[in-house]
Amino acid sequence: MVAAGQVPAVTMRGISKRFPGVRANDQVDFEVLPGEIHALLGENGAGKSTLSNILTGLYRPDEGEILLRGKPVVFQSPRDAIEAGIGMVHQHFRLAASFTVAENLVLGHRDAADRGLLLEPRMVEGRITDLSQRYRMPVNPRARIWQLSVGEQQRVEILKALYRGARILILDEPTSQLTPQEADDLFQTLRLMAGERRAVIFISHKLEEVMAVSNRVTVLRGGRVIGTVMTKETNTRELARMMVGREVVFTQKKEGPAQPERQVALELRGISANGDLGTAALREVNVTVHAGEIVGIAGVAGNGQRELAEVITGMRRRTAGQVAIRGRVMRGGDPLEPIQWGVAYVPDDRLGTGVAPSLSIADNLVLKAYRRAPISTFGVLHPRRIRAHATELMQRFNIGASTSQTPARQLSGGNIQKVLLARELSSRPLVLVANSPTSGLDVGATDTVRKLLLEAAGRGVGILLISEDLDEILALADRIAVLYNGRITGIVERQHADVEQIGLMMAGAA
Amino acid sequence: MIRIERRLTEARWLVVAVPLGSLLGAAILSSIILFLTGHDPLATWARLLDRGFFASGAMSATLVTATPLLLTGLAAAAAFRMQTWNIGAEGQLYLGAIGASGIGIALRGQPALVIIPAMVIAGLATGAAWAAIPGVLRAYTRTNEIITSLMLNYVAGLLMTYLIFDSHSFWRDLSSFTARVFPQGKYLSEAASWPSFPIGGAVIPLGLLLGVVAAAVLWLVYTATRFGFEARVIGDSRAAAHYAGIRTRRKIVAVMALSGALAGLGGASEIGDFRHVLDPRGLQQASFGYAGIVVAALARLNPFAVIVVAILLGGLSNAGFSLQGATFPAGLVGTLQGLILFCALAGELLVHYRVRIGRPGRKAPPLSQVGVA
């Protein structure tokens with residue numbers, strides 16, 4: 001499929017882009033051939049997003065040039081890039097939720113369906129159906145976006161790019177919210193598109209899927225290109241080394257003898273709760289977590305994970321059931337109660353819920369402890385103690401920031417997660433609820449977070465680990481429960497865990 | 001091609017340079033207008049500064065005008081810091097005036113040491129109570145506080161008018177025939193006049209001193225107390241506040257009440273320092289509550305900056321009154337004041353955004369030329 005001597009669909013030469021304090025891209029050379037699926041691999045902060053933002057006209061490079069089919073181009077705006085045939089599917093979709101699929105496709109796009117000020121989405125429905133059949137992406141043009149699953153929404157994003165005539169398609173972390181089956185379907189679609197000599201740029205930090213889908217891989221690290229290799233001629237170990245710059249071995253939980261007489265830390269009895277839209281999100285969930293045990297909740301996001309975490313931590317009211325901490329039943333519906341009872345919580349929405357983004361690291365580290373001495377007495381805060389507290393935790397948890405006064409939003413995802421874990425674990429909790437604690441983190445940060453979770457369990461904290469990453473759950477959890485459609489569809493000991501069977505339970509088939 | 005881009009970082013020097021630049025821009029723009037209308041720009045500016053700040057008695061007059069602006073500015077800053085949009089300082093100031101004048105009339109005959117503290121407390125309490133209404137509605141029924149607090153301004157204005165013009169209320173003076181024909185409020189006793197303190201040629205009213213104290217207290221509350229910490233978390237992210245177990249609803253009511261108390265104190269000071277009678281027309285014409293929003297915005301919600309901005313705007317407003325006359329129409333005064341505010345607020349944009357005048361670069365070639373289609 002990739003022949004030598006072709007004119008590349010995209011050539012980026014010597015691209016540099018500086019932001020205050022960082023060289024996001026440093027003399028990056030990158031090319032993609034027509035008909036090729038080219039993976040762009042790198043950790044967070046390696047410069048993948050900057051490079052794709054330059055290619056889609058969002059940023060202008062400080063240095064370097066872009067050629068499309070050998071001809072130099074300068075993009076003044078994303079619109080120029082779209083007109084030149086470049087389509088981008090963002091990790092977080094850019095769709096208008098209350099509009100239909102057809103309306104989303106014609107929004108902001110000038111063409112035949114445009115009758116002056118009036119949009120006529122009906123006219124394009126036929127074309128949408130054609131496209132979706134050709135690329136095996138079934139979707140109803142009249143459905144409204146909010147009615148669609150995440151996988152379907154992604155199809156709409158891809159259709160939108162194709163509808164606008166994209167010959168070069170960029171997908172940013174496209175599988176991050178898909179089930180394994182949905183990801184396979186996506187790969188099929190990408191291969192079909194490559195078969196039509198479209199160029200596909202696949203941005204990812206997951207090694208397995210890069211190996212599975214791409215023809216070539218370009219690895220970025222620290223804003224520079226480490227190398228471009230043929231996928232056939234490499235393996236995950238080599239790619240990981242290129243990506244991280246050292247050998248990587250993920251932390252695993254050591255097999256330990258079970259201790260059945262351990263105290264129950266957290267017990268959920270018949271929990272039911274509604275989701276944000278008022279429909280049932282949890283149905284009679286029963287789970288027990290012992291002290292020092294990690295119980296993994298596997299499942300695809302949107303099957304009640306967030307609601308489960310929120311019910312335990314008092315952020316959501318339950319409609320039935322009981323939550324007990326060390327045998328004492330909580331009133332529920334009040335986030336302060338579990339904090340005082342020793343329930344720590346790492347929410348999936350780190351920046352925004354887990355930390356207050358504009359507040360400093362120091363303030364975020366006392367987000368829960370500010371009520372008590374020594375941080376405050378008689379309603380008055382003690383800034384010196386807040387700073388000392390921050391300095392100590394930043395050292396202990398190795399939080400990378402110049403000062404404790406840096407606003408949290410300026411930190412990398414990994415450092416934000418360290419701030420969160422530092423705060424939650426330093427409160428000496430009995431129970432820790434961690435929702436997707438490593439999602440979106442790079443390899444190094446993921447490993448740190450996993451180590452912290454295992455250490456906490458070693459100290460006797462009962463941990464409920466909610467994660468979409470099955471490998472993570474298999475690596476850390478003592479027992480694995482699968483959540484599907486608001487129900488626990490099975491609980492297995494890790495020793496007896498069978499990946500295939502868990503996969504089926506995740507899809508509701510077992 | 002001109003583009004406006006968000007700055008990636010906000011340089012510190014801009015925080016000083018932009019307001020100064022805005023003032024300069026305003027001076028140039030208004031000089032052009034003055035020149036076109038046949039006035040000497042430099043002489044007008046000199047007169048404006050003189051009448052606002054330097055002429056004998058000018059500073060004292062400016063401080064009187066600055067007092068309510070300071071307190072309503074603090075009221076707005078207190079609420080806006082928590083992203084709670086209290087637009088109702090105007091009405092809360094009226095209520096403070098009603099409360100303070102009411103207690104002042106009721107305590108007629110008491111010594112100043114009793115009346116004045118009572119007026120201060122009454123102003124704080126009535127302003128707080130009035131602001132608590134949109135606060136409770138916001139916290140417990142998720143009503144938009146911008147709309148409810150704004151609407152309550154009209155209610156408060158009408159209430160004040162009713163008390164003096166449309167009823168035989170406790171506040172209305174009915175002692176003489178003329179007072180019955182031409183409605184007016186009861187004047188407060190001599191003991192209810194707030195003291196003022198001459199310092200270096202200017203006379204400082206008690207209300208201004210209370211305002212300066214309030215600014216310091218507000219700053220302390222927001223930087224050094226649990227209350228302020230919670231307000232900062234809520235202002236930054238309601239979700240994070242909920243997560244941290246902060247009682248957001250109580251907090252919204254409390255911050256609205258705090259904001260209203262400050263505006264109410266402004267109303268009390270208008271009675272005690274200046275008017276000595278409940279004067280619905282005078283208070284409504286002054287629009288101190290709305291001006292306070294501008295003061296807070298220009299001061300970037302910093303309580304100490306509110307003091308400076310309030311005095312500057314107070315001087316500007318007073319100088320405007322003295323400028324107007326036969327050769328200098330009131331409309332022109334308003335134009336000058338408007339230009340200064342306009343430039344100051346427009347300049348704020350430059351702290352967060354930069355204007356980029358780009359050369360129109362080569363456009364991407366059409367698809368056919370690239371050979372893609």
# chains A, B, ... in the order shown; residues from 1 in each chain; ligands from 1
$ closest_atom_pairs --of "chain A" --to "chain B" --cutoff "8 Å" --atoms "only C-alpha atoms" --output "tab-separated table"
residue	atom	partner	partner_atom	distance
A:Pro20	CA	B:Thr9	CA	7.6
A:Leu68	CA	B:Val370	CA	6.6
A:Arg69	CA	B:Val370	CA	6.0
A:Gly70	CA	B:Val370	CA	7.9
A:Lys71	CA	B:Val370	CA	6.4
A:Val73	CA	B:Ala364	CA	5.0
A:Val74	CA	B:Ala364	CA	5.7
A:Phe75	CA	B:Ala364	CA	6.1
A:Gln76	CA	B:Gly361	CA	7.2
A:Asp80	CA	B:Ala364	CA	6.2
A:Ala81	CA	B:Ala364	CA	7.6
A:Glu83	CA	B:Leu367	CA	7.3
A:Ala84	CA	B:Leu367	CA	5.6
A:Gly85	CA	B:Leu367	CA	7.1
A:Arg167	CA	B:Val372	CA	7.1
A:Met315	CA	B:Tyr243	CA	6.8
A:Asp334	CA	B:Gly245	CA	7.2
A:Pro335	CA	B:Gly245	CA	4.7
A:Leu336	CA	B:Gly245	CA	4.1
A:Glu337	CA	B:Gly245	CA	7.9
A:Ile339	CA	B:Gly245	CA	7.4
A:Gly352	CA	B:Ala240	CA	5.9
A:Thr353	CA	B:Ala240	CA	4.0
A:Gly354	CA	B:Ala240	CA	5.9
A:Val355	CA	B:Ala240	CA	6.0
A:Ala356	CA	B:Ala240	CA	5.6
A:Pro357	CA	B:Asp236	CA	7.0
A:Ser358	CA	B:Asp236	CA	6.3
A:Leu359	CA	B:Asp236	CA	7.4
A:Leu367	CA	B:Ala244	CA	6.2
A:Lys368	CA	B:Ala244	CA	5.5
A:Tyr370	CA	B:Arg226	CA	7.1
A:Arg371	CA	B:Arg226	CA	7.0
A:Ser376	CA	B:Arg226	CA	7.2
A:Gly379	CA	B:Arg226	CA	5.1
A:Val380	CA	B:Thr225	CA	4.3
A:Leu381	CA	B:Thr225	CA	5.1
A:His382	CA	B:Ala224	CA	7.3
A:Pro383	CA	B:Ala224	CA	7.5
$ residues_around --residues "Met256 (chain B)" --least-positions-apart "5" --cutoff "6 Å" --atoms "only C-alpha atoms" --output "ChimeraX atom specification"
/B:131-132,135
$ select_by_dssp --residues "region 265-385 of chain A" --states "helix (DSSP H, G or I)" --output "short mmCIF file (atom, residue, chain, number, x, y, z; two decimals) with N, CA and C atoms, in the first residue's frame"
data_model
loop_
_atom_site.label_atom_id
_atom_site.label_comp_id
_atom_site.auth_asym_id
_atom_site.auth_seq_id
_atom_site.Cartn_x
_atom_site.Cartn_y
_atom_site.Cartn_z
N GLN A 305 -20.89 4.17 35.84
CA GLN A 305 -19.66 4.32 36.63
C GLN A 305 -19.65 5.62 37.41
N ARG A 306 -19.89 6.72 36.70
CA ARG A 306 -19.82 8.02 37.36
C ARG A 306 -20.89 8.11 38.46
N GLU A 307 -22.07 7.62 38.15
CA GLU A 307 -23.17 7.68 39.12
C GLU A 307 -22.81 6.86 40.36
N LEU A 308 -22.18 5.71 40.16
CA LEU A 308 -21.79 4.87 41.29
C LEU A 308 -20.82 5.63 42.19
N ALA A 309 -19.81 6.22 41.58
CA ALA A 309 -18.82 6.97 42.36
C ALA A 309 -19.50 8.13 43.09
N GLU A 310 -20.44 8.79 42.40
CA GLU A 310 -21.07 9.96 43.00
C GLU A 310 -22.02 9.60 44.14
N VAL A 311 -22.67 8.44 44.04
CA VAL A 311 -23.55 8.04 45.14
C VAL A 311 -22.72 7.75 46.38
N ILE A 312 -21.59 7.05 46.22
CA ILE A 312 -20.77 6.72 47.38
C ILE A 312 -20.23 7.99 48.03
N LEU A 336 -20.12 16.33 52.16
CA LEU A 336 -19.29 16.55 53.34
C LEU A 336 -19.26 15.31 54.24
N GLU A 337 -20.37 14.59 54.26
CA GLU A 337 -20.47 13.42 55.16
C GLU A 337 -19.38 12.37 54.86
N PRO A 338 -19.28 11.89 53.61
CA PRO A 338 -18.22 10.92 53.35
C PRO A 338 -16.81 11.47 53.57
N ILE A 339 -16.62 12.78 53.33
CA ILE A 339 -15.29 13.36 53.58
C ILE A 339 -14.95 13.17 55.06
N GLN A 340 -15.94 13.46 55.92
CA GLN A 340 -15.68 13.36 57.35
C GLN A 340 -15.58 11.92 57.83
N TRP A 341 -16.16 11.01 57.06
CA TRP A 341 -16.12 9.60 57.43
C TRP A 341 -14.89 8.89 56.86
N ILE A 361 -1.86 25.43 43.53
CA ILE A 361 -1.63 24.06 44.01
C ILE A 361 -1.84 24.01 45.51
N ALA A 362 -1.28 25.00 46.22
CA ALA A 362 -1.37 25.01 47.68
C ALA A 362 -2.84 25.03 48.12
N ASP A 363 -3.65 25.88 47.49
CA ASP A 363 -5.06 25.94 47.86
C ASP A 363 -5.77 24.63 47.53
N ASN A 364 -5.43 24.05 46.39
CA ASN A 364 -6.07 22.80 46.02
C ASN A 364 -5.70 21.65 46.95
N LEU A 365 -4.50 21.72 47.49
CA LEU A 365 -4.09 20.66 48.42
C LEU A 365 -4.85 20.74 49.74
N ALA A 369 -9.11 19.94 53.60
CA ALA A 369 -8.55 20.07 54.95
C ALA A 369 -8.64 21.49 55.48
N TYR A 370 -9.11 22.45 54.66
CA TYR A 370 -9.11 23.85 55.09
C TYR A 370 -10.01 24.09 56.29
N ARG A 371 -10.91 23.13 56.55
CA ARG A 371 -11.88 23.34 57.63
C ARG A 371 -11.27 23.12 59.00
N PRO A 383 -1.92 31.03 56.21
CA PRO A 383 -1.23 30.91 54.91
C PRO A 383 0.12 30.20 55.02
N ARG A 384 0.84 30.44 56.10
CA ARG A 384 2.16 29.83 56.22
C ARG A 384 2.01 28.30 56.32
N ARG A 385 1.01 27.88 57.10
CA ARG A 385 0.82 26.43 57.23
C ARG A 385 0.33 25.83 55.92
#
$ residues_around --residues "His90 (chain A)" --least-positions-apart "4" --cutoff "8 Å" --atoms "only C-alpha atoms" --output "ChimeraX atom specification"
/A:94,171-174
$ write_last_selection --atoms "C-alpha atoms" --output "PDB file, in the first residue's frame"
ATOM      1  CA  ARG A  94     -17.492  19.355  18.304  1.00  0.00           C
ATOM      2  CA  LEU A 171      -8.118  11.447  14.366  1.00  0.00           C
ATOM      3  CA  ASP A 172      -7.060  12.521  17.844  1.00  0.00           C
ATOM      4  CA  GLU A 173      -7.148   9.629  20.341  1.00  0.00           C
ATOM      5  CA  PRO A 174     -10.193   8.201  18.568  1.00  0.00           C
TER       6      PRO A 174
END
$ closest_atom_pairs --of "region 277-382 of chain A" --to "region 452-464 of chain A" --cutoff "12 Å" --atoms "only C-alpha atoms" --output "tab-separated table"
residue	atom	partner	partner_atom	distance
A:Val287	CA	A:Leu464	CA	9.4
A:Thr288	CA	A:Leu464	CA	9.2
A:Val289	CA	A:Gly462	CA	5.8
A:His290	CA	A:Gly462	CA	5.5
A:Ala291	CA	A:Gly462	CA	4.3
A:Gly292	CA	A:Gly460	CA	3.8
A:Glu293	CA	A:Gly462	CA	5.1
A:Ile294	CA	A:Ile463	CA	4.7
A:Val295	CA	A:Leu464	CA	5.0
A:Gly296	CA	A:Leu464	CA	6.0
A:Ile297	CA	A:Leu464	CA	7.2
A:Ala298	CA	A:Leu464	CA	10.7
A:Gln305	CA	A:Leu464	CA	10.9
A:Leu308	CA	A:Leu464	CA	10.2
A:Ala309	CA	A:Leu464	CA	8.7
A:Ile312	CA	A:Leu464	CA	10.2
A:Thr313	CA	A:Leu464	CA	11.7
A:Ile325	CA	A:Gly462	CA	10.1
A:Arg326	CA	A:Gly462	CA	10.2
A:Gly342	CA	A:Val461	CA	9.9
A:Val343	CA	A:Gly462	CA	9.5
A:Ala344	CA	A:Ile463	CA	9.4
A:Tyr345	CA	A:Leu464	CA	9.6
A:Val346	CA	A:Leu464	CA	10.3
A:Pro347	CA	A:Leu464	CA	11.8
$ write_last_selection --atoms "N, CA and C atoms" --output "compact mmCIF listing (two decimals), in the first residue's frame"
# COMPACT_ATOMS: atom_id res chain seq x y z
N VAL A 287 -21.85 -4.27 46.17
CA VAL A 287 -20.40 -4.48 46.09
C VAL A 287 -19.85 -4.33 47.50
N THR A 288 -18.86 -5.15 47.84
CA THR A 288 -18.19 -5.03 49.12
C THR A 288 -16.70 -4.86 48.88
N VAL A 289 -16.10 -3.89 49.55
CA VAL A 289 -14.65 -3.69 49.45
C VAL A 289 -14.08 -3.83 50.85
N HIS A 290 -13.12 -4.75 51.02
CA HIS A 290 -12.47 -4.93 52.32
C HIS A 290 -11.30 -3.98 52.46
N ALA A 291 -10.88 -3.78 53.69
CA ALA A 291 -9.70 -2.96 53.94
C ALA A 291 -8.51 -3.59 53.23
N GLY A 292 -7.74 -2.77 52.53
CA GLY A 292 -6.55 -3.26 51.85
C GLY A 292 -6.82 -3.96 50.54
N GLU A 293 -8.08 -3.97 50.13
CA GLU A 293 -8.44 -4.67 48.90
C GLU A 293 -8.71 -3.65 47.78
N ILE A 294 -8.36 -4.03 46.56
CA ILE A 294 -8.75 -3.20 45.41
C ILE A 294 -9.82 -3.95 44.64
N VAL A 295 -11.00 -3.37 44.55
CA VAL A 295 -12.06 -3.96 43.74
C VAL A 295 -12.17 -3.12 42.47
N GLY A 296 -12.01 -3.77 41.34
CA GLY A 296 -12.10 -3.06 40.07
C GLY A 296 -13.51 -3.09 39.53
N ILE A 297 -13.98 -1.94 39.03
CA ILE A 297 -15.27 -1.90 38.34
C ILE A 297 -14.95 -1.73 36.85
N ALA A 298 -15.13 -2.80 36.10
CA ALA A 298 -14.85 -2.73 34.67
C ALA A 298 -16.12 -2.38 33.93
N GLN A 305 -20.89 4.17 35.84
CA GLN A 305 -19.66 4.32 36.63
C GLN A 305 -19.65 5.62 37.41
N LEU A 308 -22.18 5.71 40.16
CA LEU A 308 -21.79 4.87 41.29
C LEU A 308 -20.82 5.63 42.19
N ALA A 309 -19.81 6.22 41.58
CA ALA A 309 -18.82 6.97 42.36
C ALA A 309 -19.50 8.13 43.09
N ILE A 312 -21.59 7.05 46.22
CA ILE A 312 -20.77 6.72 47.38
C ILE A 312 -20.23 7.99 48.03
N THR A 313 -19.86 8.97 47.20
CA THR A 313 -19.24 10.18 47.74
C THR A 313 -20.25 11.29 48.03
N ILE A 325 -19.86 2.58 55.60
CA ILE A 325 -18.42 2.67 55.77
C ILE A 325 -18.10 2.00 57.09
N ARG A 326 -17.30 0.95 57.06
CA ARG A 326 -16.98 0.15 58.25
C ARG A 326 -18.25 -0.19 59.02
N GLY A 342 -14.08 9.60 56.14
CA GLY A 342 -12.86 8.98 55.63
C GLY A 342 -12.99 8.34 54.27
N VAL A 343 -13.85 8.92 53.41
CA VAL A 343 -13.94 8.43 52.04
C VAL A 343 -13.22 9.43 51.14
N ALA A 344 -12.16 9.00 50.50
CA ALA A 344 -11.46 9.87 49.56
C ALA A 344 -11.98 9.58 48.16
N TYR A 345 -11.88 10.58 47.29
CA TYR A 345 -12.50 10.43 45.97
C TYR A 345 -11.62 11.07 44.91
N VAL A 346 -11.29 10.30 43.90
CA VAL A 346 -10.59 10.83 42.73
C VAL A 346 -11.59 10.79 41.57
N PRO A 347 -12.20 11.93 41.24
CA PRO A 347 -13.24 11.91 40.20
C PRO A 347 -12.64 11.82 38.80
$ residues_around --residues "Thr72 (chain B)" --least-positions-apart "5" --cutoff "7 Å" --atoms "only C-alpha atoms" --output "list in words"
Ala89, Leu262, Ala263, Gly266, Phe288, Gly289 and Gly292 of chain B
$ select_by_dssp --residues "region 305-384 of chain A" --states "strand (DSSP E or B)" --output "list of chain:residue names"
A:Arg318, A:Thr319, A:Ala320, A:Gly321, A:Gln322, A:Val323, A:Ala324, A:Ile325, A:Arg328, A:Val329, A:Val343, A:Ala344, A:Tyr345, A:Val346, A:Leu351, A:Val355, A:Ser360, A:Ser376, A:Thr377, A:Val380, A:Leu381
$ closest_residue --among "A:Glu208, A:Glu152, A:Asp442, A:Glu103" --to "Asp185 (chain A)" --atoms "only C-alpha atoms"
A:Glu152
$ residues_around --residues "Gly267 (chain B)" --least-positions-apart "5" --cutoff "7 Å" --atoms "only C-alpha atoms" --output "PyMOL selection string"
chain B and resi 93-94+96-97+123
$ residues_around --residues "Val212 (chain B)" --least-positions-apart "4" --cutoff "12 Å" --atoms "only C-alpha atoms" --output "list of chain:residue names"
B:Leu63, B:Ala66, B:Thr67, B:Pro68, B:Leu69, B:Leu70, B:Leu71, B:Gly73, B:Leu74, B:Ile204, B:Pro205, B:Leu206, B:Gly207, B:Leu208, B:Ala216, B:Val217, B:Leu218, B:Trp219, B:Leu262, B:Pro303, B:Phe304, B:Ala305, B:Val306, B:Ile307, B:Val308, B:Ala310, B:Ile311
$ write_last_selection --atoms "N, CA and C atoms" --output "mmCIF file, in the first residue's frame"
data_model
loop_
_atom_site.group_PDB
_atom_site.id
_atom_site.type_symbol
_atom_site.label_atom_id
_atom_site.label_comp_id
_atom_site.auth_asym_id
_atom_site.auth_seq_id
_atom_site.Cartn_x
_atom_site.Cartn_y
_atom_site.Cartn_z
ATOM 1 N N LEU B 63 -14.853 63.675 47.563
ATOM 2 C CA LEU B 63 -14.919 62.566 48.516
ATOM 3 C C LEU B 63 -16.366 62.249 48.900
ATOM 4 N N ALA B 66 -17.570 60.278 46.148
ATOM 5 C CA ALA B 66 -16.878 58.991 46.063
ATOM 6 C C ALA B 66 -17.400 57.995 47.087
ATOM 7 N N THR B 67 -17.942 58.492 48.218
ATOM 8 C CA THR B 67 -18.347 57.584 49.291
ATOM 9 C C THR B 67 -19.366 56.516 48.851
ATOM 10 N N PRO B 68 -20.505 56.921 48.280
ATOM 11 C CA PRO B 68 -21.439 55.869 47.851
ATOM 12 C C PRO B 68 -20.861 55.005 46.716
ATOM 13 N N LEU B 69 -20.031 55.629 45.858
ATOM 14 C CA LEU B 69 -19.424 54.837 44.776
ATOM 15 C C LEU B 69 -18.499 53.775 45.359
ATOM 16 N N LEU B 70 -17.770 54.151 46.393
ATOM 17 C CA LEU B 70 -16.871 53.205 47.042
ATOM 18 C C LEU B 70 -17.659 52.026 47.598
ATOM 19 N N LEU B 71 -18.760 52.340 48.304
ATOM 20 C CA LEU B 71 -19.490 51.265 48.960
ATOM 21 C C LEU B 71 -20.238 50.382 47.958
ATOM 22 N N GLY B 73 -19.291 50.003 44.894
ATOM 23 C CA GLY B 73 -18.216 49.295 44.189
ATOM 24 C C GLY B 73 -17.771 48.075 44.976
ATOM 25 N N LEU B 74 -17.634 48.236 46.289
ATOM 26 C CA LEU B 74 -17.265 47.094 47.126
ATOM 27 C C LEU B 74 -18.356 46.037 47.108
ATOM 28 N N ILE B 204 -13.058 64.593 55.204
ATOM 29 C CA ILE B 204 -13.374 63.193 54.934
ATOM 30 C C ILE B 204 -14.641 62.812 55.674
ATOM 31 N N PRO B 205 -15.686 62.409 54.943
ATOM 32 C CA PRO B 205 -16.920 62.024 55.631
ATOM 33 C C PRO B 205 -16.763 60.667 56.325
ATOM 34 N N LEU B 206 -17.547 60.454 57.373
ATOM 35 C CA LEU B 206 -17.486 59.198 58.122
ATOM 36 C C LEU B 206 -17.735 57.996 57.196
ATOM 37 N N GLY B 207 -18.679 58.176 56.258
ATOM 38 C CA GLY B 207 -19.011 57.078 55.344
ATOM 39 C C GLY B 207 -17.804 56.603 54.564
ATOM 40 N N LEU B 208 -16.949 57.560 54.162
ATOM 41 C CA LEU B 208 -15.761 57.178 53.398
ATOM 42 C C LEU B 208 -14.809 56.360 54.276
ATOM 43 N N ALA B 216 -10.823 47.069 53.576
ATOM 44 C CA ALA B 216 -9.791 46.263 54.227
ATOM 45 C C ALA B 216 -10.380 44.962 54.761
ATOM 46 N N VAL B 217 -11.569 45.076 55.363
ATOM 47 C CA VAL B 217 -12.207 43.873 55.906
ATOM 48 C C VAL B 217 -12.528 42.894 54.777
ATOM 49 N N LEU B 218 -13.051 43.433 53.686
ATOM 50 C CA LEU B 218 -13.409 42.571 52.563
ATOM 51 C C LEU B 218 -12.173 41.838 52.040
ATOM 52 N N TRP B 219 -11.075 42.586 51.946
ATOM 53 C CA TRP B 219 -9.840 41.965 51.460
ATOM 54 C C TRP B 219 -9.395 40.851 52.404
ATOM 55 N N LEU B 262 -23.100 46.060 52.179
ATOM 56 C CA LEU B 262 -22.184 47.134 51.791
ATOM 57 C C LEU B 262 -22.926 48.227 51.034
ATOM 58 N N PRO B 303 -10.488 45.218 46.281
ATOM 59 C CA PRO B 303 -11.111 46.198 47.181
ATOM 60 C C PRO B 303 -10.320 47.496 47.313
ATOM 61 N N PHE B 304 -8.978 47.393 47.359
ATOM 62 C CA PHE B 304 -8.195 48.625 47.516
ATOM 63 C C PHE B 304 -8.238 49.472 46.250
ATOM 64 N N ALA B 305 -8.210 48.811 45.102
ATOM 65 C CA ALA B 305 -8.334 49.545 43.849
ATOM 66 C C ALA B 305 -9.703 50.211 43.752
ATOM 67 N N VAL B 306 -10.712 49.603 44.362
ATOM 68 C CA VAL B 306 -12.053 50.206 44.355
ATOM 69 C C VAL B 306 -12.001 51.594 44.998
ATOM 70 N N ILE B 307 -11.207 51.740 46.069
ATOM 71 C CA ILE B 307 -11.101 53.049 46.739
ATOM 72 C C ILE B 307 -10.595 54.094 45.739
ATOM 73 N N VAL B 308 -9.501 53.747 45.045
ATOM 74 C CA VAL B 308 -8.885 54.698 44.112
ATOM 75 C C VAL B 308 -9.843 55.031 42.976
ATOM 76 N N ALA B 310 -13.067 54.786 42.858
ATOM 77 C CA ALA B 310 -14.242 55.535 43.316
ATOM 78 C C ALA B 310 -13.901 57.021 43.437
ATOM 79 N N ILE B 311 -12.715 57.329 43.963
ATOM 80 C CA ILE B 311 -12.339 58.748 44.114
ATOM 81 C C ILE B 311 -12.140 59.395 42.735
#
$ closest_residue --among "A:Ile86, A:Val300, A:Leu131, A:Val200" --to "Ala161 (chain A)" --atoms "only C-alpha atoms"
A:Ile86
